[in-house]
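Here is the file entry09.cif (mmCIF, C-alpha atoms).
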```cif
data_coords
loop_
_atom_site.label_atom_id
_atom_site.label_comp_id
_atom_site.auth_asym_id
_atom_site.auth_seq_id
_atom_site.Cartn_x
_atom_site.Cartn_y
_atom_site.Cartn_z
CA MET B 1171 -29.60 -1.28 -13.87
CA ASN B 1172 -27.00 -0.96 -11.12
CA ALA B 1173 -26.58 0.15 -7.53
CA TYR B 1174 -25.96 3.77 -8.40
CA SER B 1175 -28.16 4.14 -11.46
CA SER B 1176 -31.07 5.59 -9.52
CA SER B 1177 -31.52 9.09 -10.90
CA LEU B 1178 -32.10 12.18 -8.84
CA ALA B 1179 -35.75 11.95 -9.83
CA GLU B 1180 -35.95 8.49 -8.32
CA SER B 1181 -34.29 9.75 -5.16
CA ALA B 1182 -36.84 12.53 -4.96
CA ARG B 1183 -39.67 10.04 -5.46
CA ALA B 1184 -38.32 7.94 -2.61
CA LEU B 1185 -38.36 11.01 -0.38
CA LEU B 1186 -41.91 11.90 -1.35
CA ASP B 1187 -43.11 8.35 -0.71
CA PRO B 1188 -41.35 7.28 2.48
CA VAL B 1189 -42.04 3.81 3.86
CA SER B 1190 -41.26 3.09 7.47
CA THR B 1191 -39.47 -0.11 8.38
CA GLY B 1192 -42.55 -1.16 10.30
CA ASP B 1193 -44.87 -1.02 7.26
CA THR B 1194 -46.62 -4.40 7.10
CA GLY B 1195 -49.02 -3.74 4.23
CA ALA B 1196 -49.45 -6.92 2.17
CA ARG B 1197 -48.74 -5.13 -1.08
CA ARG B 1198 -45.33 -3.92 0.11
CA ILE B 1199 -44.05 -7.03 1.84
CA GLY B 1200 -42.03 -9.42 -0.32
CA ARG B 1201 -40.48 -12.83 0.02
CA LEU B 1202 -36.94 -13.90 -0.79
CA ARG B 1203 -37.01 -16.25 -3.74
CA SER B 1204 -33.35 -17.11 -4.36
CA TYR B 1205 -29.85 -16.23 -3.20
CA ASP B 1206 -26.98 -16.52 -5.67
CA GLY B 1207 -23.62 -15.15 -4.55
CA LEU B 1208 -23.93 -11.38 -4.15
CA MET B 1209 -27.40 -11.21 -5.66
CA LEU B 1210 -30.77 -11.88 -4.02
CA GLU B 1211 -34.10 -12.15 -5.82
CA ALA B 1212 -37.39 -11.25 -4.13
CA THR B 1213 -41.04 -11.32 -5.08
CA GLY B 1214 -43.71 -8.83 -4.06
CA LEU B 1215 -41.36 -5.91 -3.36
CA ASP B 1216 -42.42 -2.86 -5.38
CA LYS B 1217 -39.61 -0.34 -4.85
CA PRO B 1218 -37.30 1.54 -7.27
CA VAL B 1219 -33.59 1.00 -7.84
CA GLY B 1220 -31.58 2.45 -4.96
CA ALA B 1221 -34.30 1.87 -2.35
CA GLY B 1222 -33.37 0.12 0.87
CA ALA B 1223 -34.79 -3.16 2.15
CA ARG B 1224 -34.69 -5.32 5.28
CA ILE B 1225 -34.47 -9.10 5.08
CA VAL B 1226 -35.97 -10.87 8.10
CA ASP B 1227 -35.16 -14.59 8.34
CA ALA B 1228 -37.28 -17.15 10.17
CA ASP B 1229 -34.99 -16.98 13.22
CA GLY B 1230 -35.52 -13.22 13.47
CA HIS B 1231 -32.12 -12.28 12.04
CA VAL B 1232 -32.36 -8.94 10.18
CA ALA B 1233 -30.03 -7.80 7.40
CA ARG B 1234 -30.08 -4.74 5.20
CA ALA B 1235 -30.05 -4.77 1.41
CA GLU B 1236 -30.53 -2.45 -1.53
CA VAL B 1237 -32.57 -2.74 -4.71
CA VAL B 1238 -30.14 -2.94 -7.65
CA GLY B 1239 -32.30 -4.15 -10.54
CA PHE B 1240 -35.20 -6.25 -11.77
CA ARG B 1241 -35.74 -9.59 -13.49
CA GLY B 1242 -39.24 -9.80 -14.91
CA ASN B 1243 -41.64 -9.05 -12.05
CA ASN B 1244 -39.03 -9.91 -9.42
CA THR B 1245 -36.74 -7.47 -7.65
CA LEU B 1246 -32.98 -7.98 -7.48
CA LEU B 1247 -31.34 -7.05 -4.19
CA MET B 1248 -27.78 -6.96 -2.97
CA ALA B 1249 -27.05 -7.56 0.70
CA LEU B 1250 -24.97 -4.92 2.48
CA GLY B 1251 -23.22 -7.70 4.40
CA ALA B 1252 -21.31 -10.06 2.11
CA ASP B 1253 -21.32 -12.89 4.67
CA ALA B 1254 -25.05 -12.75 5.44
CA ALA B 1255 -26.83 -16.11 5.02
CA HIS B 1256 -30.49 -16.10 3.99
CA ALA B 1257 -33.05 -18.79 3.27
CA ALA B 1258 -35.68 -18.84 0.55
CA GLY B 1259 -38.99 -17.46 1.82
CA ALA B 1260 -37.41 -14.91 4.15
CA ARG B 1261 -39.50 -11.80 4.68
CA VAL B 1262 -38.42 -8.68 2.73
CA GLU B 1263 -39.55 -5.25 3.91
CA PRO B 1264 -38.95 -1.72 2.55
CA ASP B 1265 -36.45 0.38 4.47
CA ALA B 1266 -36.82 4.11 3.80
CA ALA B 1267 -33.76 4.86 5.92
CA GLY B 1268 -31.57 3.15 3.33
CA SER B 1269 -31.77 6.07 0.91
CA MET B 1270 -30.98 8.77 3.50
CA VAL B 1271 -27.75 9.79 5.26
CA GLU B 1272 -27.34 11.26 8.74
CA VAL B 1273 -25.54 14.60 8.39
CA GLY B 1274 -24.74 17.69 10.43
CA PRO B 1275 -22.04 19.26 12.62
CA GLY B 1276 -22.29 16.35 15.04
CA LEU B 1277 -20.20 14.32 12.60
CA LEU B 1278 -17.13 16.53 12.98
CA GLY B 1279 -14.23 14.65 14.51
CA ARG B 1280 -15.90 11.27 13.98
CA VAL B 1281 -15.13 8.12 11.97
CA VAL B 1282 -18.09 6.17 10.59
CA ASP B 1283 -18.68 3.23 8.24
CA ALA B 1284 -20.77 3.05 5.07
CA LEU B 1285 -23.98 2.78 7.12
CA GLY B 1286 -23.12 5.69 9.40
CA GLN B 1287 -22.22 3.52 12.39
CA PRO B 1288 -19.34 4.89 14.53
CA LEU B 1289 -15.97 3.16 14.26
CA ASP B 1290 -14.04 5.35 16.71
CA GLY B 1291 -15.52 4.03 19.95
CA LEU B 1292 -16.83 7.46 20.96
CA GLY B 1293 -20.47 6.44 21.22
CA PRO B 1294 -23.45 7.29 19.01
CA VAL B 1295 -23.04 9.98 16.39
CA PRO B 1296 -25.22 13.02 17.29
CA ALA B 1297 -26.29 13.72 13.71
CA THR B 1298 -30.03 14.19 13.36
CA ASP B 1299 -30.37 15.91 9.96
CA LYS B 1300 -30.97 13.87 6.80
CA TRP B 1301 -29.62 14.12 3.25
CA PRO B 1302 -30.37 11.89 0.22
CA LEU B 1303 -27.63 9.34 -0.39
CA ALA B 1304 -27.72 10.05 -4.14
CA GLY B 1305 -27.77 13.84 -3.63
CA LYS B 1306 -30.37 16.48 -4.37
CA PRO B 1307 -31.30 17.78 -7.83
CA CYS B 1308 -29.12 20.75 -8.76
CA ASN B 1309 -29.68 23.45 -11.35
CA PRO B 1310 -26.38 23.70 -13.29
CA LEU B 1311 -26.77 27.49 -13.39
CA ASN B 1312 -26.49 27.55 -9.59
CA ARG B 1313 -22.94 26.24 -9.80
CA ALA B 1314 -20.55 29.12 -9.25
CA ARG B 1315 -17.48 29.64 -11.41
CA VAL B 1316 -14.07 28.77 -10.01
CA THR B 1317 -12.41 32.16 -9.59
CA GLN B 1318 -10.70 32.08 -6.17
CA PRO B 1319 -7.50 30.18 -5.37
CA PHE B 1320 -7.69 27.33 -2.89
CA ASP B 1321 -4.56 27.20 -0.74
CA ILE B 1322 -3.56 23.54 -0.66
CA GLY B 1323 -0.34 24.05 1.33
CA VAL B 1324 1.90 22.30 -1.24
CA ARG B 1325 4.36 24.56 -3.05
CA GLY B 1326 4.39 22.67 -6.36
CA VAL B 1327 0.60 22.55 -6.57
CA ASN B 1328 -0.01 26.12 -5.42
CA ALA B 1329 2.49 27.59 -7.86
CA LEU B 1330 2.25 25.35 -10.95
CA LEU B 1331 -1.17 23.65 -10.71
CA THR B 1332 -3.12 26.28 -8.83
CA ALA B 1333 -6.34 24.85 -7.37
CA GLY B 1334 -9.54 26.85 -7.13
CA VAL B 1335 -12.41 26.88 -4.65
CA GLY B 1336 -14.90 24.35 -6.00
CA GLN B 1337 -12.45 22.61 -8.32
CA ARG B 1338 -12.32 18.83 -8.77
CA ILE B 1339 -8.83 17.34 -9.06
CA ALA B 1340 -7.70 13.81 -9.87
CA ILE B 1341 -4.43 12.61 -8.31
CA VAL B 1342 -3.18 9.86 -10.63
CA ALA B 1343 -0.34 7.52 -9.71
CA GLY B 1344 0.74 3.92 -9.57
CA SER B 1345 1.16 2.06 -6.31
CA GLY B 1346 3.92 3.25 -3.98
CA VAL B 1347 4.58 6.56 -5.75
CA GLY B 1348 3.54 8.85 -2.90
CA LYS B 1349 -0.21 9.46 -3.15
CA SER B 1350 -0.67 9.05 0.61
CA VAL B 1351 2.16 11.46 1.42
CA LEU B 1352 0.72 14.10 -0.92
CA MET B 1353 -2.79 13.60 0.51
CA GLY B 1354 -1.47 14.10 4.03
CA GLN B 1355 0.24 17.33 3.01
CA MET B 1356 -2.93 18.61 1.36
CA LEU B 1357 -5.20 17.72 4.27
CA ASN B 1358 -2.98 19.41 6.83
CA GLY B 1359 -2.17 22.38 4.61
CA ALA B 1360 -5.54 23.17 3.06
CA GLU B 1361 -7.53 26.21 4.17
CA ALA B 1362 -10.97 24.65 4.59
CA ASP B 1363 -13.79 24.89 7.13
CA VAL B 1364 -14.56 21.16 6.94
CA ILE B 1365 -12.65 18.16 5.61
CA VAL B 1366 -14.55 15.02 4.54
CA VAL B 1367 -12.49 11.91 3.77
CA GLY B 1368 -13.76 8.73 2.14
CA LEU B 1369 -11.32 5.83 2.58
CA ILE B 1370 -12.68 3.27 0.13
CA GLY B 1371 -11.25 -0.21 -0.30
CA GLU B 1372 -8.10 0.42 1.73
CA ARG B 1373 -6.37 -2.16 3.89
CA SER B 1374 -7.59 -1.98 7.49
CA ARG B 1375 -4.09 -1.16 8.70
CA GLU B 1376 -3.92 1.80 6.33
CA VAL B 1377 -7.15 3.25 7.76
CA SER B 1378 -5.76 3.43 11.30
CA ASP B 1379 -2.39 4.60 9.96
CA PHE B 1380 -4.10 7.38 7.97
CA LEU B 1381 -5.93 8.62 11.05
CA ALA B 1382 -2.79 8.52 13.19
CA THR B 1383 -0.42 10.21 10.73
CA LYS B 1384 -2.48 12.28 8.27
CA LEU B 1385 -5.43 13.46 10.39
CA ASN B 1386 -3.84 14.03 13.76
CA GLY B 1387 -3.91 17.22 15.76
CA PRO B 1388 -6.34 20.14 15.24
CA VAL B 1389 -7.29 19.07 11.71
CA ARG B 1390 -9.02 15.99 13.15
CA GLN B 1391 -11.65 18.11 14.91
CA LYS B 1392 -12.90 19.62 11.65
CA SER B 1393 -12.84 16.32 9.75
CA VAL B 1394 -15.32 13.54 9.02
CA VAL B 1395 -14.02 10.15 7.90
CA VAL B 1396 -16.05 7.45 6.17
CA ALA B 1397 -14.02 4.25 6.06
CA VAL B 1398 -14.79 0.90 4.43
CA PRO B 1399 -11.87 -1.56 4.08
CA ALA B 1400 -11.25 -3.75 1.05
CA ASP B 1401 -12.77 -6.90 2.56
CA HIS B 1402 -16.28 -5.41 2.78
CA ALA B 1403 -19.10 -6.00 0.30
CA PRO B 1404 -18.87 -4.00 -2.95
CA LEU B 1405 -22.16 -2.27 -2.23
CA LEU B 1406 -20.78 -0.98 1.07
CA ARG B 1407 -17.69 0.37 -0.67
CA LEU B 1408 -19.90 2.13 -3.19
CA ARG B 1409 -22.21 3.54 -0.52
CA ALA B 1410 -19.20 4.84 1.44
CA ALA B 1411 -18.20 7.11 -1.45
CA MET B 1412 -21.80 8.27 -1.83
CA ARG B 1413 -22.13 8.88 1.93
CA ALA B 1414 -18.93 10.93 2.07
CA THR B 1415 -20.15 13.03 -0.86
CA ALA B 1416 -23.58 13.49 0.74
CA ILE B 1417 -21.99 14.66 4.00
CA ALA B 1418 -19.89 17.16 2.04
CA GLU B 1419 -23.00 18.38 0.19
CA ASP B 1420 -24.77 19.09 3.49
CA PHE B 1421 -21.85 21.19 4.78
CA ARG B 1422 -21.77 23.04 1.45
CA ALA B 1423 -25.49 23.79 1.83
CA ARG B 1424 -24.63 25.37 5.18
CA GLY B 1425 -22.35 27.83 3.35
CA LEU B 1426 -19.07 26.21 4.40
CA LYS B 1427 -15.85 25.71 2.47
CA VAL B 1428 -15.41 21.92 2.23
CA LEU B 1429 -12.47 19.81 1.11
CA LEU B 1430 -13.59 16.34 -0.01
CA LEU B 1431 -11.07 13.55 -0.47
CA ILE B 1432 -12.07 10.20 -2.00
CA ASP B 1433 -9.34 7.57 -1.81
CA SER B 1434 -9.64 5.92 -4.16
CA LEU B 1435 -11.94 6.48 -7.13
CA THR B 1436 -10.49 3.38 -8.77
CA ARG B 1437 -11.67 1.13 -5.95
CA VAL B 1438 -15.12 2.72 -6.13
CA ALA B 1439 -15.20 1.79 -9.82
CA HIS B 1440 -14.01 -1.72 -8.94
CA ALA B 1441 -16.93 -2.07 -6.54
CA GLN B 1442 -19.35 -0.97 -9.27
CA ARG B 1443 -17.71 -3.44 -11.63
CA GLU B 1444 -18.43 -6.31 -9.24
CA ILE B 1445 -22.04 -5.20 -8.95
CA GLY B 1446 -22.49 -4.68 -12.68
CA LEU B 1447 -21.03 -8.06 -13.60
CA SER B 1448 -23.24 -9.74 -10.99
CA LEU B 1449 -26.24 -8.14 -12.70
CA GLY B 1450 -25.15 -9.54 -16.04
CA GLU B 1451 -23.76 -6.39 -17.64
CA PRO B 1452 -21.36 -7.09 -20.51
CA PRO B 1453 -17.71 -6.27 -19.75
CA THR B 1454 -16.24 -3.68 -22.10
CA VAL B 1455 -12.79 -2.07 -21.85
CA LYS B 1456 -10.49 -4.07 -19.54
CA GLY B 1457 -13.46 -5.86 -18.01
CA TYR B 1458 -15.30 -2.72 -16.86
CA PRO B 1459 -19.06 -2.73 -17.58
CA PRO B 1460 -20.66 0.52 -18.76
CA SER B 1461 -22.06 1.26 -15.29
CA ALA B 1462 -18.56 1.39 -13.76
CA LEU B 1463 -17.41 4.07 -16.19
CA GLY B 1464 -20.74 5.92 -15.98
CA LEU B 1465 -20.49 6.08 -12.19
CA ILE B 1466 -17.47 8.40 -12.23
CA PRO B 1467 -19.10 11.52 -13.74
CA ARG B 1468 -22.22 11.08 -11.58
CA LEU B 1469 -20.09 11.03 -8.43
CA CYS B 1470 -17.67 13.80 -9.42
CA GLU B 1471 -20.39 16.16 -10.68
CA ARG B 1472 -21.81 16.42 -7.18
CA ALA B 1473 -18.78 18.50 -6.08
CA GLY B 1474 -18.33 22.18 -6.89
CA ALA B 1475 -19.28 25.63 -5.63
CA ASP B 1476 -22.85 26.73 -4.91
CA SER B 1477 -23.73 30.32 -5.88
CA GLU B 1478 -26.89 30.31 -3.72
CA THR B 1479 -25.39 29.34 -0.37
CA GLY B 1480 -21.84 30.52 -0.98
CA GLY B 1481 -20.56 27.10 0.10
CA SER B 1482 -18.20 24.96 -1.93
CA ILE B 1483 -16.80 21.44 -2.28
CA THR B 1484 -13.24 21.30 -3.52
CA ALA B 1485 -12.73 17.62 -4.32
CA LEU B 1486 -9.62 15.46 -4.57
CA TYR B 1487 -10.02 12.01 -6.14
CA THR B 1488 -7.09 9.62 -6.09
CA VAL B 1489 -6.91 7.32 -9.11
CA LEU B 1490 -4.71 4.22 -9.10
CA ALA B 1491 -2.98 3.77 -12.47
CA ASP B 1492 -2.62 -0.01 -12.67
CA GLY B 1493 0.89 -0.80 -13.82
CA ASP B 1494 1.61 2.96 -14.07
CA ASP B 1495 -0.71 3.01 -17.10
CA THR B 1496 -2.08 6.54 -17.36
CA ASP B 1497 -4.29 5.42 -20.26
CA ASP B 1498 -6.30 3.08 -18.03
CA PRO B 1499 -10.10 3.43 -18.62
CA ILE B 1500 -10.71 4.74 -15.10
CA VAL B 1501 -7.89 7.27 -15.45
CA ASP B 1502 -9.31 8.43 -18.79
CA ALA B 1503 -12.86 8.69 -17.44
CA ALA B 1504 -11.73 10.65 -14.38
CA ARG B 1505 -9.45 12.96 -16.36
CA ALA B 1506 -12.30 13.77 -18.74
CA ILE B 1507 -14.70 14.97 -16.03
CA VAL B 1508 -12.49 16.70 -13.43
CA ASP B 1509 -11.11 20.25 -13.66
CA GLY B 1510 -7.48 19.24 -13.37
CA HIS B 1511 -5.18 16.31 -12.75
CA ILE B 1512 -1.92 15.76 -10.90
CA ILE B 1513 0.24 12.96 -12.31
CA LEU B 1514 2.78 11.39 -9.96
CA THR B 1515 5.57 9.45 -11.67
CA ARG B 1516 7.70 6.60 -10.42
CA GLY B 1517 10.85 8.03 -12.03
CA LEU B 1518 10.78 11.13 -9.83
CA ALA B 1519 9.91 9.09 -6.74
CA GLU B 1520 12.94 6.89 -7.38
CA GLN B 1521 15.08 10.05 -7.45
CA GLY B 1522 13.75 10.99 -4.02
CA VAL B 1523 11.59 13.85 -5.30
CA TYR B 1524 8.44 13.99 -3.16
CA PRO B 1525 5.78 14.89 -4.07
CA ALA B 1526 6.73 13.24 -7.39
CA ILE B 1527 4.67 15.61 -9.58
CA ASP B 1528 5.24 15.36 -13.32
CA VAL B 1529 4.82 19.03 -14.19
CA GLY B 1530 4.58 18.40 -17.94
CA LYS B 1531 1.75 15.86 -17.70
CA SER B 1532 -0.18 17.58 -14.91
CA LEU B 1533 -2.68 20.37 -15.49
CA SER B 1534 -5.09 22.72 -13.74
CA ARG B 1535 -7.86 23.76 -16.11
CA VAL B 1536 -8.93 26.70 -13.94
CA MET B 1537 -5.49 28.19 -13.28
CA SER B 1538 -5.88 30.79 -16.04
CA ASP B 1539 -9.02 32.12 -14.28
CA ILE B 1540 -7.28 32.35 -10.91
CA ALA B 1541 -3.64 33.28 -11.29
CA THR B 1542 -2.26 36.74 -12.00
CA PRO B 1543 -0.45 37.44 -15.33
CA ASP B 1544 2.97 37.43 -13.61
CA HIS B 1545 2.19 34.13 -11.92
CA LEU B 1546 1.03 32.55 -15.19
CA ALA B 1547 4.13 33.78 -17.03
CA SER B 1548 6.47 32.31 -14.39
CA ALA B 1549 4.66 28.98 -14.45
CA GLN B 1550 4.86 28.85 -18.25
CA VAL B 1551 8.60 29.49 -18.20
CA LEU B 1552 9.14 26.64 -15.76
CA ARG B 1553 6.92 24.35 -17.85
CA ARG B 1554 8.96 25.13 -20.98
CA LEU B 1555 12.18 24.28 -19.16
CA TRP B 1556 10.65 21.08 -17.82
CA SER B 1557 9.40 19.98 -21.26
CA ALA B 1558 12.71 20.85 -22.95
CA TYR B 1559 14.58 18.59 -20.52
CA GLU B 1560 12.08 15.71 -20.65
CA ASP B 1561 11.87 15.73 -24.46
CA ASN B 1562 15.65 15.44 -24.73
CA ARG B 1563 16.24 13.39 -21.60
CA ASP B 1564 17.68 10.33 -23.37
CA LEU B 1565 20.11 12.41 -25.42
CA ILE B 1566 21.24 14.31 -22.33
CA LEU B 1567 21.79 11.20 -20.20
CA MET B 1568 23.65 9.39 -23.00
CA GLY B 1569 25.90 12.40 -23.55
CA ALA B 1570 24.71 12.72 -27.14
CA TYR B 1571 23.54 16.29 -26.70
CA ALA B 1572 26.18 18.89 -27.55
CA PRO B 1573 26.01 21.90 -25.21
CA GLY B 1574 25.35 25.11 -27.09
CA SER B 1575 23.11 23.50 -29.70
CA ASP B 1576 19.94 24.95 -28.17
CA ALA B 1577 19.76 27.77 -25.62
CA LEU B 1578 16.50 26.51 -24.06
CA ILE B 1579 17.88 22.99 -23.53
CA ASP B 1580 21.10 24.42 -22.10
CA GLU B 1581 19.11 26.43 -19.58
CA ALA B 1582 16.90 23.44 -18.78
CA ILE B 1583 19.97 21.32 -17.98
CA VAL B 1584 21.51 24.02 -15.78
CA ARG B 1585 18.30 24.73 -13.88
CA ARG B 1586 17.10 21.14 -13.51
CA PRO B 1587 18.43 20.73 -9.93
CA GLU B 1588 16.83 24.07 -8.97
CA ILE B 1589 13.45 22.99 -10.38
CA LEU B 1590 13.56 19.63 -8.59
CA ALA B 1591 14.46 21.39 -5.34
CA PHE B 1592 11.44 23.65 -5.83
CA LEU B 1593 9.15 20.61 -6.16
CA ARG B 1594 10.56 18.83 -3.10
CA GLN B 1595 8.64 19.40 0.12
CA ALA B 1596 8.94 17.56 3.43
CA PRO B 1597 5.76 15.79 4.66
CA GLY B 1598 5.35 18.07 7.67
CA GLU B 1599 6.16 21.29 5.82
CA ARG B 1600 3.45 23.74 4.75
CA VAL B 1601 3.99 26.45 2.13
CA GLY B 1602 1.14 28.93 1.69
CA PHE B 1603 -0.20 30.11 -1.64
CA ASP B 1604 1.34 33.60 -1.53
CA ASP B 1605 4.74 32.25 -0.50
CA SER B 1606 4.62 29.59 -3.23
CA VAL B 1607 3.92 32.16 -5.94
CA ALA B 1608 6.55 34.56 -4.60
CA ILE B 1609 9.23 31.82 -4.63
CA LEU B 1610 8.28 30.81 -8.19
CA ASN B 1611 8.35 34.38 -9.47
CA ALA B 1612 11.71 35.08 -7.86
CA MET B 1613 13.21 31.85 -9.22
CA MET B 1614 12.02 32.41 -12.81
CA ALA B 1615 13.07 36.08 -12.77
CA ALA B 1616 16.63 35.16 -11.80
#
```
Could you quickly redo this structure as structure tokens?
Amino acid sequence: MNAYSSSLAESARALLDPVSTGDTGARRIGRLRSYDGLMLEATGLDKPVGAGARIVDADGHVARAEVVGFRGNNTLLMALGADAAHAAGARVEPDAAGSMVEVGPGLLGRVVDALGQPLDGLGPVPATDKWPLAGKPCNPLNRARVTQPFDIGVRGVNALLTAGVGQRIAIVAGSGVGKSVLMGQMLNGAEADVIVVGLIGERSREVSDFLATKLNGPVRQKSVVVAVPADHAPLLRLRAAMRATAIAEDFRARGLKVLLLIDSLTRVAHAQREIGLSLGEPPTVKGYPPSALGLIPRLCERAGADSETGGSITALYTVLADGDDTDDPIVDAARAIVDGHIILTRGLAEQGVYPAIDVGKSLSRVMSDIATPDHLASAQVLRRLWSAYEDNRDLILMGAYAPGSDALIDEAIVRRPEILAFLRQAPGERVGFDDSVAILNAMMAA
């Protein structure tokens, strides 16, 4: 059992059997038995995994927790505050509010934490509607196909890795390769009704920097930010990603076109790893327990287009490739479930090519359903030139390649500067979808 292993059925059961925080029935009131690091153990609390709880100490101090598992007849809890101190015998009460999220248009322009508390100093958040933290059950047949292009505002992505409305994309890169710059371009260039951003496990300085540089101006008024820095409890980091997704789901249910950005999916998996190991799960590949890898598809599958409401969630998930290893377990798990991936490479970044998109290793799985035949043909020509150069890069740089040996390689060498110039885009520059395709077609037809 783990913090996010509560199924949609369990979430529905929690909704059908709400318990107010003031419930004092003897059967539902537990006592804290032990406190070991992140984990708390309580007796007498009969609630499912994922349910919320309140811990009331003898001095009246109240802290929130979440049910994460069971040991015999006892319930295992994890405190939402890592520095909370509790004594054995403390009162434990159910908290129905723990499984619900405040949603609605009142969140637009606001910055909240994992518990929905405002961080921007603008007073209480006027959001009165509720949405399950773990999402609502969804019939897979209600998910609409991805058939319309989503203008992301970045020339290289629009033309070569065309995104679709309702698509889920992983942005994979090592540290310092330009993920933040690319995210800023996408957020300011995307054509979306609402933007929901989950900043998970970032440094506190980066949160304020992100708001000041990436979400400034008019885009801020149609955005919702859920931020939890790296020094917060792992359960809070996990809940922040779930809260951001739940907020996006509510806007989708209202028929809106939503762009969801989770930065980063790797740190969400790290949070689940801490929780899983605390519960005694065996570590598997690179120390990740099964629950950490199983979390990724459950979170990503909540995005997509809804054929009933006409709303959509186009999702961007950044994935940190530790040591530039694109075969990392988290990278593999994310790449297997999303509808496309953008690989950023350090070699291009060192050449001053931003965004540093490796065209050969990146892919949009829905591009063939979106792009016109002429657009697809132009993109394929550029890909062939890119692959021809990369496959023979060492020979070319060493001077071992003899010009005239292969016409495709000769063309790839000649057009390499032109292709790199096409990929380059200044942080404040926006190139629309139609313009991106027109430039690509003209360049490949020359």
Between CA of Ala1212 in chain B and CA of Val1262 in chain B - distance in Å to one decimal:
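That distance, rounded to one decimal, is 7.4 Å.
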Care to translate the PyMOL selection byres ((chain B and resi 1353-1367) around 8) into actual residues of this file, as a ChimeraX atom specification?
/B:1320-1324,1349-1352,1368-1369,1383-1385,1389,1392-1396,1414,1417-1418,1421,1426-1433,1597-1602
Just the residues within 7 Å of Gly1336 in chain B, please, counting only C-alpha atoms, with nothing from its chain fewer than 5 positions along; format it as a PDB file with C-alpha atoms, in the frame of the given file.
```
ATOM      1  CA  VAL B1316     -14.070  28.770 -10.010  1.00  0.00           C
ATOM      2  CA  GLY B1474     -18.330  22.180  -6.890  1.00  0.00           C
ATOM      3  CA  ALA B1475     -19.280  25.630  -5.630  1.00  0.00           C
ATOM      4  CA  SER B1482     -18.200  24.960  -1.930  1.00  0.00           C
ATOM      5  CA  ILE B1483     -16.800  21.440  -2.280  1.00  0.00           C
ATOM      6  CA  THR B1484     -13.240  21.300  -3.520  1.00  0.00           C
TER       7      THR B1484
END
```
Could you expand the PyMOL selection byres ((chain B and resi 1576-1581) around 12) into the explicit residues it covers here, written as number ranges by chain?
B: 1551-1563, 1565-1566, 1571-1575, 1582-1589, 1614, 1616
Could you tell me which residues the PyMOL selection byres ((chain B and resi 1505) around 12) grabs in this file, written as a VMD selection string?
chain B and resid 1338 to 1342 1435 1463 1466 to 1467 1470 1487 to 1489 1491 1496 to 1504 1506 to 1513 1531 to 1535
Go ahead and compute the interatomic distance for CA of Ala1314 in chain B and CA of Thr1332 in chain B, in Å to one decimal.
17.7 Å
Grab the CA of Ala1400 in chain B to CA of Pro1525 in chain B distance for me, in Å with one decimal place.
25.8 Å
Can you pull out every residue within 7 Å of Arg1413 in chain B, counting all atoms listed in the file, but drop anything in the same chain fewer than 6 positions away, and send it as an NGL selection string?
:B and (1271 or 1284 or 1303)
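The nearest approach to Ala1485 in chain B among the residues B:Asp1216, B:Glu1471, B:Asp1265, B:Asp1420, with only C-alpha atoms taken into account, belongs to B:Glu1471.
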Extending 3 Å beyond the listed atoms of range 1314-1330 of chain B on each side, what axis-aligned box results? I want centre and edge lengths in Å to one decimal, as lines of an AutoDock Vina configuration file.
```
center_x = -8.1
center_y = 27.2
center_z = -5.0
size_x = 30.9
size_y = 15.9
size_z = 18.7
```
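Neighbouring residues of Gly1348 in chain B at 10 Å or closer, counting all atoms listed in the file and skipping chain neighbours under 2 positions away, are Ala1343, Gly1344, Ser1345, Gly1346, Ser1350, Val1351, Leu1352, Met1353, Leu1514, Thr1515, Arg1516, Ala1519, Val1523, Tyr1524, Pro1525, Ala1526 and Ile1527 of chain B.
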Find the residues around Ile1225 in chain B up to 7 Å (only C-alpha atoms counted), leave out those fewer than 6 positions away in its own chain, and share them as a list in words.
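Once the adjacent positions are removed, what remains is Val1232, Ala1233, Arg1234, Ala1260, Arg1261, Val1262 and Glu1263 of chain B.
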Neighbourhood query: residues within 12 Å of (-22.4, -4.3, -13.8), file coordinates, counting all atoms listed in the file; return as a PyMOL selection string.
chain B and resi 1171-1175+1209+1238-1239+1404-1405+1439-1454+1457-1465
Which is closer to Gly1230 in chain B than all the others in B:Val1281, B:Ala1257, B:Val1327, B:Ala1423, using all atoms listed in the file?
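Using all atoms listed in the file, the shortest distance to Gly1230 in chain B belongs to B:Ala1257.
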Which residues come within 8 Å of Glu1211 in chain B, counting all atoms listed in the file, excluding same-chain residues fewer than 2 positions away, as a ChimeraX atom specification?
/B:1202-1205,1209,1213,1244-1247
